[in-house]
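S.K.: Contents of target35.cif (mmCIF, C-alpha atoms) are given next:
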```cif
data_coords
#
loop_
_atom_site.label_atom_id
_atom_site.label_comp_id
_atom_site.auth_asym_id
_atom_site.auth_seq_id
_atom_site.Cartn_x
_atom_site.Cartn_y
_atom_site.Cartn_z
CA MET H 52 45.18 250.01 43.72
CA ASN H 53 46.74 247.40 45.95
CA VAL H 54 44.30 244.64 45.06
CA GLU H 55 46.64 241.77 44.32
CA LYS H 56 46.51 239.92 47.59
CA VAL H 57 43.58 241.15 49.63
CA PRO H 58 42.65 238.36 52.08
CA ASP H 59 39.45 236.53 51.22
CA ILE H 60 38.03 237.31 54.67
CA ILE H 61 38.07 241.00 53.71
CA ILE H 62 36.47 240.29 50.34
CA GLY H 63 33.75 238.43 52.24
CA ARG H 64 32.91 241.56 54.24
CA LEU H 65 32.63 243.91 51.25
CA PRO H 66 29.20 242.58 50.14
CA ILE H 67 27.96 243.17 53.70
CA TYR H 68 29.11 246.79 53.56
CA LEU H 69 27.63 247.22 50.10
CA ARG H 70 24.27 245.83 51.20
CA ALA H 71 24.12 248.17 54.20
CA LEU H 72 25.16 251.17 52.09
CA GLN H 73 22.50 250.38 49.48
CA ARG H 74 19.87 250.27 52.22
CA MET H 75 21.06 253.64 53.50
CA ALA H 76 20.90 255.07 49.97
CA GLU H 77 17.34 253.74 49.55
CA LYS H 78 16.42 255.68 52.68
CA GLY H 79 17.85 258.85 51.13
CA ILE H 80 20.92 259.03 53.37
CA GLN H 81 23.89 260.60 51.57
CA THR H 82 26.89 260.26 53.87
CA THR H 83 27.95 257.88 56.62
CA SER H 84 30.89 257.25 58.91
CA SER H 85 32.78 254.06 59.65
CA GLN H 86 31.22 254.24 63.14
CA GLU H 87 27.68 254.37 61.79
CA LEU H 88 28.29 251.73 59.14
CA GLY H 89 29.98 249.59 61.80
CA GLU H 90 26.96 249.74 64.09
CA THR H 91 24.72 248.79 61.17
CA VAL H 92 26.68 245.69 60.23
CA GLY H 93 28.12 244.72 63.62
CA ILE H 94 31.75 245.21 62.65
CA SER H 95 34.16 247.66 64.32
CA ALA H 96 34.76 251.06 62.71
CA ALA H 97 38.51 250.41 62.69
CA GLN H 98 38.02 247.13 60.81
CA ILE H 99 35.81 248.82 58.23
CA ARG H 100 38.32 251.62 57.63
CA LYS H 101 41.11 249.07 57.31
CA ASP H 102 39.11 246.86 54.91
CA ILE H 103 38.05 249.72 52.65
CA SER H 104 41.50 251.36 52.64
CA GLN H 105 42.86 248.21 50.96
CA PHE H 106 41.34 249.56 47.76
CA GLY H 107 42.06 253.28 48.01
CA GLU H 108 41.17 256.37 50.00
CA PHE H 109 37.40 256.55 49.65
CA GLY H 110 36.55 258.43 52.86
CA LYS H 111 37.63 261.70 54.40
CA GLN H 112 38.59 262.42 58.00
CA GLY H 113 35.66 264.36 59.46
CA THR H 114 33.16 264.01 56.62
CA GLY H 115 33.26 260.20 56.34
CA TYR H 116 32.03 258.39 53.24
CA HIS H 117 29.84 259.66 50.43
CA ILE H 118 27.47 256.73 50.18
CA SER H 119 26.81 256.77 46.43
CA PHE H 120 30.53 257.09 45.70
CA LEU H 121 31.43 254.21 48.02
CA ILE H 122 28.61 252.08 46.54
CA ASP H 123 30.02 252.68 43.05
CA LYS H 124 33.52 251.75 44.18
CA LEU H 125 32.40 248.57 45.97
CA ARG H 126 30.29 247.51 42.99
CA GLU H 127 33.32 248.00 40.76
CA ILE H 128 35.62 246.06 43.10
CA LEU H 129 33.14 243.18 43.47
CA LYS H 130 32.43 243.32 39.72
CA VAL H 131 28.71 243.81 40.26
CA ASP H 132 28.72 247.07 38.32
CA ARG H 133 27.32 244.76 35.63
CA ILE H 134 24.60 242.09 35.55
CA TRP H 135 25.69 238.44 35.74
CA ASP H 136 23.37 235.87 34.21
CA VAL H 137 22.92 232.95 36.59
CA ALA H 138 21.99 229.34 35.85
CA LEU H 139 19.86 227.74 38.54
CA VAL H 140 20.05 223.95 38.67
CA GLY H 141 17.39 222.18 40.73
CA ALA H 142 13.73 223.19 40.67
CA GLY H 143 12.77 221.85 44.10
CA ASP H 144 11.64 223.94 47.06
CA VAL H 145 14.88 225.93 47.38
CA GLY H 146 15.10 226.37 43.61
CA HIS H 147 11.55 227.72 43.53
CA ALA H 148 12.35 230.15 46.33
CA LEU H 149 15.46 231.40 44.52
CA ALA H 150 13.67 231.68 41.16
CA ARG H 151 11.15 234.01 42.75
CA TYR H 152 13.64 235.83 45.00
CA GLN H 153 13.55 239.61 44.58
CA GLY H 154 16.88 240.19 46.35
CA PHE H 155 19.05 239.92 43.22
CA VAL H 156 17.64 243.09 41.68
CA ASN H 157 20.14 245.97 41.63
CA ARG H 158 22.74 243.73 43.19
CA GLY H 159 24.41 242.34 40.09
CA PHE H 160 22.60 239.10 39.29
CA ARG H 161 19.72 237.84 37.20
CA ILE H 162 18.61 234.24 36.93
CA ALA H 163 18.67 233.39 33.23
CA MET H 164 17.91 229.66 33.11
CA VAL H 165 16.45 226.98 35.38
CA PHE H 166 17.27 223.29 34.95
CA ASP H 167 16.10 220.03 36.48
CA ASN H 168 16.47 216.37 35.51
CA ASP H 169 13.05 215.33 36.82
CA PRO H 170 10.68 214.69 33.84
CA THR H 171 7.74 215.92 35.94
CA LYS H 172 9.47 219.27 36.46
CA ILE H 173 10.85 219.84 32.96
CA GLY H 174 8.57 222.29 31.16
CA GLU H 175 7.08 223.50 34.44
CA GLN H 176 6.85 227.25 35.01
CA VAL H 177 8.88 228.49 38.00
CA GLY H 178 8.50 232.20 38.54
CA GLU H 179 9.10 233.60 35.06
CA PHE H 180 11.15 230.60 33.93
CA THR H 181 10.37 227.36 32.15
CA VAL H 182 12.35 224.51 33.65
CA GLN H 183 14.73 223.04 31.07
CA ASP H 184 16.13 219.52 30.88
CA SER H 185 19.47 219.16 32.70
CA ALA H 186 20.63 217.00 29.80
CA LYS H 187 20.98 220.23 27.82
CA LEU H 188 22.73 222.10 30.63
CA VAL H 189 26.28 222.03 29.25
CA GLU H 190 25.19 223.12 25.78
CA LYS H 191 22.81 225.89 26.92
CA VAL H 192 25.06 227.33 29.60
CA ARG H 193 28.07 227.36 27.30
CA GLU H 194 26.11 228.99 24.45
CA ALA H 195 24.89 231.74 26.77
CA HIS H 196 28.41 232.29 28.22
CA ILE H 197 27.03 231.94 31.74
CA LYS H 198 29.73 232.08 34.42
CA VAL H 199 27.67 231.92 37.61
CA ALA H 200 25.41 229.13 38.87
CA MET H 201 23.34 228.16 41.88
CA LEU H 202 23.01 224.50 42.74
CA THR H 203 19.94 223.25 44.61
CA VAL H 204 19.99 219.56 43.71
CA PRO H 205 20.19 216.66 46.20
CA ALA H 206 23.59 215.83 47.70
CA ALA H 207 23.83 212.59 45.72
CA THR H 208 23.90 214.36 42.33
CA ALA H 209 25.50 217.69 43.29
CA GLN H 210 29.07 216.77 42.33
CA ASP H 211 27.98 215.47 38.92
CA VAL H 212 26.08 218.66 38.21
CA ALA H 213 28.99 220.78 39.42
CA ASP H 214 31.29 218.91 37.03
CA LYS H 215 28.91 219.69 34.17
CA LEU H 216 28.72 223.35 35.12
CA VAL H 217 32.51 223.56 35.14
CA GLU H 218 32.61 221.81 31.77
CA ALA H 219 30.18 224.45 30.47
CA GLY H 220 32.51 227.25 31.58
CA VAL H 221 30.94 228.25 34.91
CA LYS H 222 33.45 229.90 37.26
CA ALA H 223 31.36 230.53 40.39
CA ILE H 224 28.94 228.11 42.07
CA LEU H 225 26.73 228.83 45.03
CA ASN H 226 25.99 225.39 46.43
CA TYR H 227 22.86 224.65 48.48
CA ALA H 228 23.39 220.88 48.46
CA PRO H 229 24.62 219.58 51.83
CA ILE H 230 27.94 218.33 50.48
CA SER H 231 31.36 219.87 49.85
CA LEU H 232 32.03 220.20 46.11
CA ALA H 233 35.40 219.55 44.50
CA VAL H 234 36.15 221.99 41.68
CA PRO H 235 39.28 222.80 39.68
CA LYS H 236 41.48 225.77 40.52
CA GLY H 237 40.03 228.95 39.08
CA VAL H 238 36.45 227.98 39.95
CA GLU H 239 34.95 229.57 43.07
CA VAL H 240 32.50 227.76 45.32
CA GLN H 241 30.47 229.06 48.24
CA HIS H 242 28.43 226.67 50.34
CA THR H 243 25.30 227.44 52.26
CA ASP H 244 23.61 224.79 54.37
CA PRO H 245 21.18 225.73 57.15
CA THR H 246 22.35 222.86 59.35
CA THR H 247 26.04 223.74 59.27
CA HIS H 248 25.16 227.38 60.00
CA LEU H 249 23.06 226.28 62.98
CA GLN H 250 25.74 223.89 64.26
CA ARG H 251 28.31 226.65 64.23
CA MET H 252 26.09 228.55 66.66
CA THR H 253 25.03 225.76 69.01
CA TYR H 254 28.71 225.30 69.89
CA TYR H 255 28.39 228.55 71.83
CA LEU H 256 25.11 227.70 73.60
CA ASP H 257 24.82 226.23 77.10
CA MET I 175 40.09 219.71 76.72
CA ASN I 176 41.47 223.03 75.63
CA VAL I 177 38.18 224.46 74.42
CA GLU I 178 38.20 227.87 76.06
CA LYS I 179 39.42 229.97 73.18
CA VAL I 180 39.17 228.00 69.96
CA PRO I 181 38.97 230.52 67.11
CA ASP I 182 35.52 230.83 65.53
CA ILE I 183 36.97 230.05 62.12
CA ILE I 184 37.86 226.56 63.39
CA ILE I 185 34.40 226.13 64.92
CA GLY I 186 32.99 227.02 61.51
CA ARG I 187 34.87 224.13 59.88
CA LEU I 188 33.75 221.45 62.36
CA PRO I 189 30.20 221.18 60.92
CA ILE I 190 31.77 220.66 57.48
CA TYR I 191 33.89 217.80 58.80
CA LEU I 192 30.90 216.34 60.64
CA ARG I 193 28.75 216.46 57.52
CA ALA I 194 31.40 214.68 55.44
CA LEU I 195 31.98 212.05 58.14
CA GLN I 196 28.25 211.37 58.41
CA ARG I 197 28.09 210.84 54.65
CA MET I 198 31.01 208.41 54.86
CA ALA I 199 29.28 206.55 57.69
CA GLU I 200 26.07 206.31 55.64
CA LYS I 201 28.12 204.63 52.91
CA GLY I 202 29.36 202.09 55.45
CA ILE I 203 32.92 203.44 55.64
CA GLN I 204 34.45 202.91 59.10
CA THR I 205 37.80 204.73 59.13
CA THR I 206 39.30 207.68 57.33
CA SER I 207 42.47 209.75 57.27
CA SER I 208 42.99 213.49 57.42
CA GLN I 209 44.13 213.18 53.77
CA GLU I 210 40.93 211.51 52.64
CA LEU I 211 38.69 213.79 54.70
CA GLY I 212 40.65 216.77 53.38
CA GLU I 213 40.07 215.77 49.77
CA THR I 214 36.36 215.35 50.48
CA VAL I 215 35.92 218.79 52.00
CA GLY I 216 38.60 220.73 50.12
CA ILE I 217 40.70 221.56 53.19
CA SER I 218 44.32 220.50 53.74
CA ALA I 219 45.06 217.41 55.82
CA ALA I 220 47.35 219.47 58.08
CA GLN I 221 44.58 221.99 58.75
CA ILE I 222 42.14 219.22 59.62
CA ARG I 223 44.58 217.57 62.03
CA LYS I 224 45.28 220.92 63.66
CA ASP I 225 41.58 221.82 63.94
CA ILE I 226 40.57 218.48 65.45
CA SER I 227 43.55 218.32 67.82
CA GLN I 228 42.24 221.48 69.52
CA PHE I 229 39.74 219.21 71.24
CA GLY I 230 41.83 216.14 72.02
CA GLU I 231 43.64 213.26 70.38
CA PHE I 232 40.92 211.59 68.33
CA GLY I 233 43.05 210.01 65.61
CA LYS I 234 46.02 207.66 65.56
CA GLN I 235 49.16 207.89 63.49
CA GLY I 236 48.84 205.20 60.82
CA THR I 237 45.24 204.13 61.41
CA GLY I 238 43.63 207.58 61.12
CA TYR I 239 40.19 208.31 62.52
CA HIS I 240 37.45 205.92 63.52
CA ILE I 241 34.54 207.64 61.83
CA SER I 242 31.79 206.81 64.33
CA PHE I 243 33.99 207.85 67.24
CA LEU I 244 34.92 211.16 65.58
CA ILE I 245 31.26 211.79 64.68
CA ASP I 246 30.30 211.28 68.33
CA LYS I 247 33.02 213.67 69.50
CA LEU I 248 32.13 216.37 66.98
CA ARG I 249 28.44 216.09 67.81
CA GLU I 250 29.32 216.50 71.47
CA ILE I 251 31.60 219.50 70.81
CA LEU I 252 29.00 221.21 68.58
CA LYS I 253 26.26 220.27 71.08
CA VAL I 254 24.25 218.46 68.43
CA ASP I 255 24.31 215.21 70.40
CA ARG I 256 20.79 216.39 71.29
CA ILE I 257 17.83 217.76 69.27
CA TRP I 258 17.30 221.52 69.28
CA ASP I 259 13.77 222.75 68.67
CA VAL I 260 13.79 225.57 66.13
CA ALA I 261 11.29 228.39 65.63
CA LEU I 262 10.86 229.41 62.00
CA VAL I 263 9.59 232.95 61.47
CA GLY I 264 8.37 233.82 57.98
CA ALA I 265 6.23 231.46 55.90
CA GLY I 266 7.16 232.80 52.48
CA ASP I 267 9.04 230.88 49.78
CA VAL I 268 12.22 230.38 51.82
CA GLY I 269 10.20 229.53 54.94
CA HIS I 270 8.24 226.91 53.00
CA ALA I 271 11.47 225.39 51.68
CA LEU I 272 12.97 225.21 55.18
CA ALA I 273 9.79 223.79 56.71
CA ARG I 274 9.95 220.91 54.24
CA TYR I 275 13.75 220.54 54.30
CA GLN I 276 14.89 217.00 55.12
CA GLY I 277 18.48 218.04 55.90
CA PHE I 278 17.95 218.67 59.62
CA VAL I 279 17.25 215.01 60.38
CA ASN I 280 20.05 213.35 62.40
CA ARG I 281 21.93 216.63 62.46
CA GLY I 282 20.61 218.11 65.70
CA PHE I 283 17.62 220.24 64.73
CA ARG I 284 13.86 219.96 64.38
CA ILE I 285 11.55 222.77 63.39
CA ALA I 286 8.97 223.03 66.17
CA MET I 287 6.93 226.12 65.26
CA VAL I 288 6.29 228.32 62.21
CA PHE I 289 5.15 231.94 62.53
CA ASP I 290 4.02 234.67 60.17
CA ASN I 291 2.25 238.00 60.63
CA ASP I 292 0.31 237.80 57.35
CA PRO I 293 -3.38 237.04 58.09
CA THR I 294 -3.63 235.09 54.82
CA LYS I 295 -0.82 232.77 55.97
CA ILE I 296 -1.81 232.30 59.62
CA GLY I 297 -3.54 228.92 59.94
CA GLU I 298 -2.06 227.71 56.65
CA GLN I 299 -0.41 224.28 56.60
CA VAL I 300 3.31 224.39 55.72
CA GLY I 301 4.84 220.93 55.61
CA GLU I 302 3.64 219.38 58.86
CA PHE I 303 3.18 222.75 60.58
CA THR I 304 0.28 225.14 61.02
CA VAL I 305 1.46 228.73 60.66
CA GLN I 306 0.93 230.62 63.93
CA ASP I 307 0.38 234.33 64.43
CA SER I 308 3.66 236.22 65.04
CA ALA I 309 1.81 238.24 67.68
CA LYS I 310 2.09 235.15 69.91
CA LEU I 311 5.75 234.53 69.08
CA VAL I 312 7.29 235.76 72.33
CA GLU I 313 4.84 233.86 74.50
CA LYS I 314 4.99 230.58 72.53
CA VAL I 315 8.74 230.52 72.05
CA ARG I 316 9.38 231.33 75.71
CA GLU I 317 6.92 228.69 76.93
CA ALA I 318 8.59 226.04 74.77
CA HIS I 319 12.10 227.10 75.90
CA ILE I 320 13.19 227.38 72.28
CA LYS I 321 16.75 228.69 71.91
CA VAL I 322 17.26 228.49 68.13
CA ALA I 323 15.40 230.35 65.37
CA MET I 324 15.47 230.85 61.61
CA LEU I 325 14.35 234.18 60.24
CA THR I 326 12.92 234.38 56.71
CA VAL I 327 10.97 237.64 56.91
CA PRO I 328 11.52 240.71 54.69
CA ALA I 329 14.45 243.00 55.52
CA ALA I 330 12.14 245.76 56.73
CA THR I 331 10.78 243.70 59.64
CA ALA I 332 13.74 241.42 60.37
CA GLN I 333 15.23 243.50 63.20
CA ASP I 334 11.87 243.78 64.97
CA VAL I 335 11.38 240.03 64.79
CA ALA I 336 14.95 239.41 65.97
CA ASP I 337 14.31 241.66 68.98
CA LYS I 338 11.21 239.63 69.83
CA LEU I 339 13.10 236.35 69.49
CA VAL I 340 15.79 237.63 71.84
CA GLU I 341 13.10 238.78 74.27
CA ALA I 342 11.66 235.26 74.14
CA GLY I 343 15.01 233.75 75.13
CA VAL I 344 16.40 232.72 71.73
CA LYS I 345 20.21 232.53 71.70
CA ALA I 346 20.97 231.59 68.08
CA ILE I 347 19.41 233.11 64.95
CA LEU I 348 19.99 232.01 61.38
CA ASN I 349 19.02 235.06 59.35
CA TYR I 350 17.87 234.80 55.73
CA ALA I 351 16.75 238.44 55.53
CA PRO I 352 19.17 240.58 53.48
CA ILE I 353 20.11 242.82 56.41
CA SER I 354 22.66 242.65 59.25
CA LEU I 355 20.92 242.06 62.58
CA ALA I 356 21.99 243.75 65.82
CA VAL I 357 21.69 241.40 68.82
CA PRO I 358 22.93 241.61 72.41
CA LYS I 359 26.10 239.89 73.55
CA GLY I 360 25.46 236.22 74.22
CA VAL I 361 23.18 235.84 71.19
CA GLU I 362 24.69 234.24 68.08
CA VAL I 363 23.71 235.26 64.56
CA GLN I 364 24.62 233.70 61.25
CA HIS I 365 23.61 235.40 58.02
CA THR I 366 22.95 233.75 54.71
CA ASP I 367 22.06 235.80 51.64
CA PRO I 368 22.49 234.40 48.13
CA THR I 369 23.52 237.78 46.75
CA THR I 370 26.34 238.40 49.22
CA HIS I 371 27.61 234.85 48.63
CA LEU I 372 27.59 235.47 44.87
CA GLN I 373 29.27 238.86 45.18
CA ARG I 374 32.09 237.34 47.20
CA MET I 375 32.81 235.09 44.20
CA THR I 376 32.45 237.56 41.33
CA TYR I 377 35.34 239.52 42.87
CA TYR I 378 37.58 236.72 41.63
CA LEU I 379 36.11 236.48 38.12
CA ASP I 380 37.48 238.19 35.03
#
```
Can the structure from this file be put into structure tokens for me?
M.R.:
Amino acid sequence: MNVEKVPDIIIGRLPIYLRALQRMAEKGIQTTSSQELGETVGISAAQIRKDISQFGEFGKQGTGYHISFLIDKLREILKVDRIWDVALVGAGDVGHALARYQGFVNRGFRIAMVFDNDPTKIGEQVGEFTVQDSAKLVEKVREAHIKVAMLTVPAATAQDVADKLVEAGVKAILNYAPISLAVPKGVEVQHTDPTTHLQRMTYYLD
Amino acid sequence: MNVEKVPDIIIGRLPIYLRALQRMAEKGIQTTSSQELGETVGISAAQIRKDISQFGEFGKQGTGYHISFLIDKLREILKVDRIWDVALVGAGDVGHALARYQGFVNRGFRIAMVFDNDPTKIGEQVGEFTVQDSAKLVEKVREAHIKVAMLTVPAATAQDVADKLVEAGVKAILNYAPISLAVPKGVEVQHTDPTTHLQRMTYYLD
């Protein structure tokens, strides 16, 4: 497989394809074409074929893609053919929503621990989790060999918490705080902020 | 200004710059350099200079950028030098979190209406909003000339709701449902899904 230098923009589209394919599979559909998949996700058929062919020949001219086979391959490529334990830091509104979110099931992730530094939240039940003291974050996360975290703390403390997560061995952080995090090489960060998403769209409005 | 064909990837970075500049301004900082801004947001100084120069000459060799001036320019370019009313559809966990989110203030957006189709939620108070019946969505959103919406409904109903928003005149949808939305040309969509963000990162993990 020619996987050494696949552009990140392609990697970013694979989870979109996987999500659409899993929805098709749930509906009992067994095969699809790059045209059909393209219409579902709003990406051209040619782009989809090109993206997927980076990793091998998974479709056939005429018959298209076997959905369950392509799902297996994408899960393997994205390394979600396993379950990643996730540490959630921040038990505010967004943290609560994530702790109860059903969309991780069958998609490779499971929240394993929830932390907060607010004494009124520590010990509180959030979904199926008891909120733990952030002071124990490094120790607990390291002990459990957790590599993935979600950060839903205020902007003012986000960098400090990110530093602790990195210290504990975390390699991937999904950041909901409205601030850009600095992390060492070898640690991945994705940011999601409703306002920056909205601002990217208003540029195009009249 | 040469704004006709600025690549979307550059547009996507401008809100990140704006957010960092606004944080600097809040701290009382008055000028910055592309180096300093770059370190803050994790993007190279050269890339920042190139991105910003697409819209004019806003910095000076040696003195860098006047932060308040650059903030004004970016707000103008992104059209957040005004306040956009936003319709929020879906009063579940994520909807509740967004309705109470303080991060829209001073950044161009204000939630104006909250809708849900669940009879047990209609009439409920969420933050400062009373949840309205989704059956009235098209009428209410059109009357209020709302152009921006956030969608936090389940995947199964997200496309239907998106169609209604488009019918009502909405031109920008931030979609939290784990499904790709199909919208007509001239309507912008941004997707945010914690699982796809996480999957994009696990690709890079061992």
S.K.: In Å, how far is it from atom CA of Lys172 of chain H to atom CA of Lys187 of chain H?
M.R.: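 The value is 14.4 Å.
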S.K.: Please evaluate the PyMOL selection byres ((chain I and resi 190-193) around 8) against the structure above and give the resulting residues as a list of chain:residue names.
M.R.: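 Applying the PyMOL selection byres ((chain I and resi 190-193) around 8) to the structure shown produces H:Pro229, H:Ile230, H:Ser231, H:Thr247, I:Gly186, I:Arg187, I:Leu188, I:Pro189, I:Ala194, I:Leu195, I:Gln196, I:Arg197, I:Leu211, I:Val215, I:Ile245, I:Leu248, I:Arg249.
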S.K.: Store the residues picked out above in a file with C-alpha atoms, as a short mmCIF file (atom, residue, chain, number, x, y, z; two decimals), keeping the file's coordinate frame.
M.R.:
```cif
data_model
loop_
_atom_site.label_atom_id
_atom_site.label_comp_id
_atom_site.auth_asym_id
_atom_site.auth_seq_id
_atom_site.Cartn_x
_atom_site.Cartn_y
_atom_site.Cartn_z
CA PRO H 229 24.62 219.58 51.83
CA ILE H 230 27.94 218.33 50.48
CA SER H 231 31.36 219.87 49.85
CA THR H 247 26.04 223.74 59.27
CA GLY I 186 32.99 227.02 61.51
CA ARG I 187 34.87 224.13 59.88
CA LEU I 188 33.75 221.45 62.36
CA PRO I 189 30.20 221.18 60.92
CA ALA I 194 31.40 214.68 55.44
CA LEU I 195 31.98 212.05 58.14
CA GLN I 196 28.25 211.37 58.41
CA ARG I 197 28.09 210.84 54.65
CA LEU I 211 38.69 213.79 54.70
CA VAL I 215 35.92 218.79 52.00
CA ILE I 245 31.26 211.79 64.68
CA LEU I 248 32.13 216.37 66.98
CA ARG I 249 28.44 216.09 67.81
#
```
S.K.: Can you measure atom CA of Ser242 of chain I to atom CA of Ala199 of chain I for me? One decimal in Å is fine.
M.R.: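 If I compute the distance from atom CA of Ser242 of chain I to atom CA of Ala199 of chain I, I get 7.1 Å.
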S.K.: When distances are computed from all atoms listed in the file, which of H:Met252, H:Ile162, H:Ile94, H:Ala206 shows the smallest separation from chain I?
M.R.: H:Met252
S.K.: Take the point (20.8, 235.6, 59.8) as written in the file and pick out every residue within 7 Å of it, counting all atoms listed in the file; give the list as a PyMOL selection string.
M.R.: chain I and resi 325+347-351+363-366
S.K.: Quick one: distance from atom CA of Gly277 of chain I to atom CA of Thr246 of chain H in Å, one decimal?
M.R.: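 Atom CA of Thr246 of chain H lies 7.1 Å from atom CA of Gly277 of chain I.
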S.K.: Using only C-alpha atoms, which of the listed residues (I:Ala356, I:Glu341, I:Phe303, I:Pro368) sits closest to Lys321 of chain I?
M.R.: I:Glu341
S.K.: From the set I:Val327, I:Ala271, I:Ala342, I:Ile320, which residue has the shortest atom-to-atom contact distance to chain H, counting all atoms listed in the file?
M.R.: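 Between I:Val327, I:Ala271, I:Ala342, I:Ile320, the residue approaching chain H most closely is I:Ala271.
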